[in-house]
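For reference, the structure discussed in these notes is given below.
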Amino acid sequence: MTPPAPQSEQPVPPHVSSNGPSRRGFMKLSALAVAAAAAPATASHHAELDPDRKGVLVDMTLCVGCRRCEWACADANDNPHGELHEYDDASVFDRPRRPTATQLTVVNRTPGQPEPIHLKLQCMHCEKPACVSACLVGAMRKQPDGPVTYDASRCIGCRYCMVACPFEVLGYEYERALTPRVRKCSLCRERTRDGELPACVKICPVEALTYGPRAQLIATARERIAARPDRYIDRIYGEHEAGGTSWLYIAGRPFEELGLPRLGTRSPADSSESVQHGIFRGFAAPLLLGGLLGVIHNVTRHEHEHTHEKGADS
Ligand code: SF4
Ligand code: SF4
Ligand code: SF4
């Protein structure tokens, strides 16, 4: 298996280096610290979740890799996307891709399998998201109905959400000099509020994607697995990984073989938040903030190292 491109191949935030924050980065961290210090000491941007919160079930045994979902996502989000027929070009599967600022979802083909297996990637809309915990100005928020939303007007561009995310699915508008944004799948919140399906779900020609209440999706997944044990492995990816996610996957092969990270059941947010609250109970100084961000980074890195170690073992 060729794993997805590691985060280290993506552009590194300019104020982060192995030697610590640069001078420019220090200014940003100071601004971050001021904003954080102004926040309530026990502020949490995690929501009480609705029992009928929504998600999407991906049935990887049905996906044919047509990439119509990529086109529809780009179209719905005003990203460049060309003509639909251009997505028939299979050479795109020659190398694994990650979501970017202009491609909020990508479909990869897993190498080394007897039959082609395709993996759609996008923000997983975690139940307790690490990106939300990493963002001390509240630009990332978990909404009670499922989506993790991003508010560009609050964002100060520190990009620690990108470091914290265990799925490496956030893009950043490096090319936009004055008003760069973090970009990610929104779970098509605007569309679903109006009673429409997410654009990717709507266009999928083989119904590999199902939108609905997360609890119902898990029940549907269990039914499919029970009905066809020859077709599916007995596991729903995202039911528990990283504390649970709104996007859920079922497949015929172990998910780690197919390009999804091996993660524990605990959200990385749990570790970073306990440190965060400890700091704010005392005094929110910029240097302590640096320590917090280091913890977030280390928690996430540890998860990835664990993944690669386990992946190498299996
Ligand atoms: S997948 Fe990453 S960006 Fe999306 S909610 Fe989870 S931690 Fe945040
Ligand atoms: S839910 Fe919407 S934003 Fe997310 S991948 Fe699908 S089309 Fe794109
Ligand atoms: S549109 Fe459906 S079948 Fe086509 S790549 Fe996307 S999820 Fe797979």
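Here's how to read the names in the structure tokens: chain A, B, ... by the order shown, residue numbers from 1 in each chain, ligand numbers from 1 in the order shown.
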- Message: At a cut-off of 9 Å and counting only C-alpha atoms and all ligand atoms, what residues surround ligand 1? Please answer as number ranges by chain.
- Response: A: 122-133, 140-142, 147-149, 161-162, 164-170, 184-185, 242, 245-246, 267-269
Ligand 3: which residues are within 12 Å, counting only C-alpha atoms and all ligand atoms? Reply as a PDB file with C-alpha atoms, in the first residue's frame.
ATOM      1  CA  VAL A  56     -22.515  10.499   5.457  1.00  0.00           C
ATOM      2  CA  LEU A  57     -21.947   6.767   5.048  1.00  0.00           C
ATOM      3  CA  VAL A  58     -19.419   5.825   2.358  1.00  0.00           C
ATOM      4  CA  ASP A  59     -19.797   2.302   1.020  1.00  0.00           C
ATOM      5  CA  MET A  60     -16.396   1.682  -0.516  1.00  0.00           C
ATOM      6  CA  THR A  61     -17.602  -1.574  -2.082  1.00  0.00           C
ATOM      7  CA  LEU A  62     -19.955   0.460  -4.295  1.00  0.00           C
ATOM      8  CA  CYS A  63     -17.707   3.376  -5.262  1.00  0.00           C
ATOM      9  CA  VAL A  64     -16.474   3.051  -8.855  1.00  0.00           C
ATOM     10  CA  GLY A  65     -13.977   5.917  -8.723  1.00  0.00           C
ATOM     11  CA  CYS A  66     -15.794   8.093 -11.248  1.00  0.00           C
ATOM     12  CA  ARG A  67     -14.873  11.262  -9.292  1.00  0.00           C
ATOM     13  CA  ARG A  68     -18.242  12.868 -10.024  1.00  0.00           C
ATOM     14  CA  CYS A  69     -18.287  13.770  -6.323  1.00  0.00           C
ATOM     15  CA  GLU A  70     -15.071  15.775  -6.788  1.00  0.00           C
ATOM     16  CA  TRP A  71     -16.629  17.742  -9.637  1.00  0.00           C
ATOM     17  CA  ALA A  72     -19.877  18.380  -7.761  1.00  0.00           C
ATOM     18  CA  CYS A  73     -18.012  19.489  -4.646  1.00  0.00           C
ATOM     19  CA  LEU A  84     -17.322  16.703 -16.039  1.00  0.00           C
ATOM     20  CA  TYR A  87     -12.793  13.605 -14.538  1.00  0.00           C
ATOM     21  CA  ASP A  88     -12.674  10.377 -16.554  1.00  0.00           C
ATOM     22  CA  ALA A  90      -7.653   7.799 -14.688  1.00  0.00           C
ATOM     23  CA  PHE A  93      -4.878   7.823  -9.653  1.00  0.00           C
ATOM     24  CA  THR A 105     -12.646  16.282  -1.510  1.00  0.00           C
ATOM     25  CA  VAL A 106     -10.465  13.889  -3.512  1.00  0.00           C
ATOM     26  CA  VAL A 107     -10.889  10.256  -4.539  1.00  0.00           C
ATOM     27  CA  ASN A 108      -7.824   8.022  -4.511  1.00  0.00           C
ATOM     28  CA  ARG A 109      -7.407   4.514  -5.903  1.00  0.00           C
ATOM     29  CA  PRO A 116      -9.746  -1.238  -7.833  1.00  0.00           C
ATOM     30  CA  ILE A 117     -10.872   0.189  -4.477  1.00  0.00           C
ATOM     31  CA  HIS A 118     -11.455   3.920  -4.142  1.00  0.00           C
ATOM     32  CA  LEU A 119     -11.237   6.132  -1.088  1.00  0.00           C
ATOM     33  CA  LYS A 120     -13.016   9.472  -0.932  1.00  0.00           C
ATOM     34  CA  LEU A 121     -11.342  11.898   1.470  1.00  0.00           C
ATOM     35  CA  GLN A 122     -12.641  15.133   2.988  1.00  0.00           C
ATOM     36  CA  PRO A 198     -24.795  17.410  -0.088  1.00  0.00           C
ATOM     37  CA  ALA A 199     -23.608  17.950  -3.661  1.00  0.00           C
ATOM     38  CA  CYS A 200     -21.318  14.916  -3.652  1.00  0.00           C
ATOM     39  CA  VAL A 201     -24.043  12.642  -2.293  1.00  0.00           C
ATOM     40  CA  LYS A 202     -26.559  13.879  -4.828  1.00  0.00           C
ATOM     41  CA  ILE A 203     -24.376  13.284  -7.877  1.00  0.00           C
ATOM     42  CA  CYS A 204     -22.968   9.854  -6.973  1.00  0.00           C
ATOM     43  CA  PRO A 205     -24.314   7.574  -9.749  1.00  0.00           C
ATOM     44  CA  VAL A 206     -24.059   4.350  -7.723  1.00  0.00           C
ATOM     45  CA  GLU A 207     -25.327   5.600  -4.341  1.00  0.00           C
ATOM     46  CA  ALA A 208     -22.030   4.891  -2.663  1.00  0.00           C
ATOM     47  CA  LEU A 209     -22.751   7.904  -0.430  1.00  0.00           C
ATOM     48  CA  THR A 210     -25.727   8.081   1.947  1.00  0.00           C
ATOM     49  CA  TYR A 249     -16.962   4.075   5.962  1.00  0.00           C
TER      50      TYR A 249
END
- Enter the distance from atom CA of Pro96 of chain A to atom CA of Ala76 of chain A, in Å, rounded to one decimal. 23.3 Å
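For the set A:Arg189, A:His81, A:Arg159, A:Arg176, the residue with the smallest atom-to-atom gap to ligand 2 is A:Arg189, counting only C-alpha atoms and all ligand atoms.
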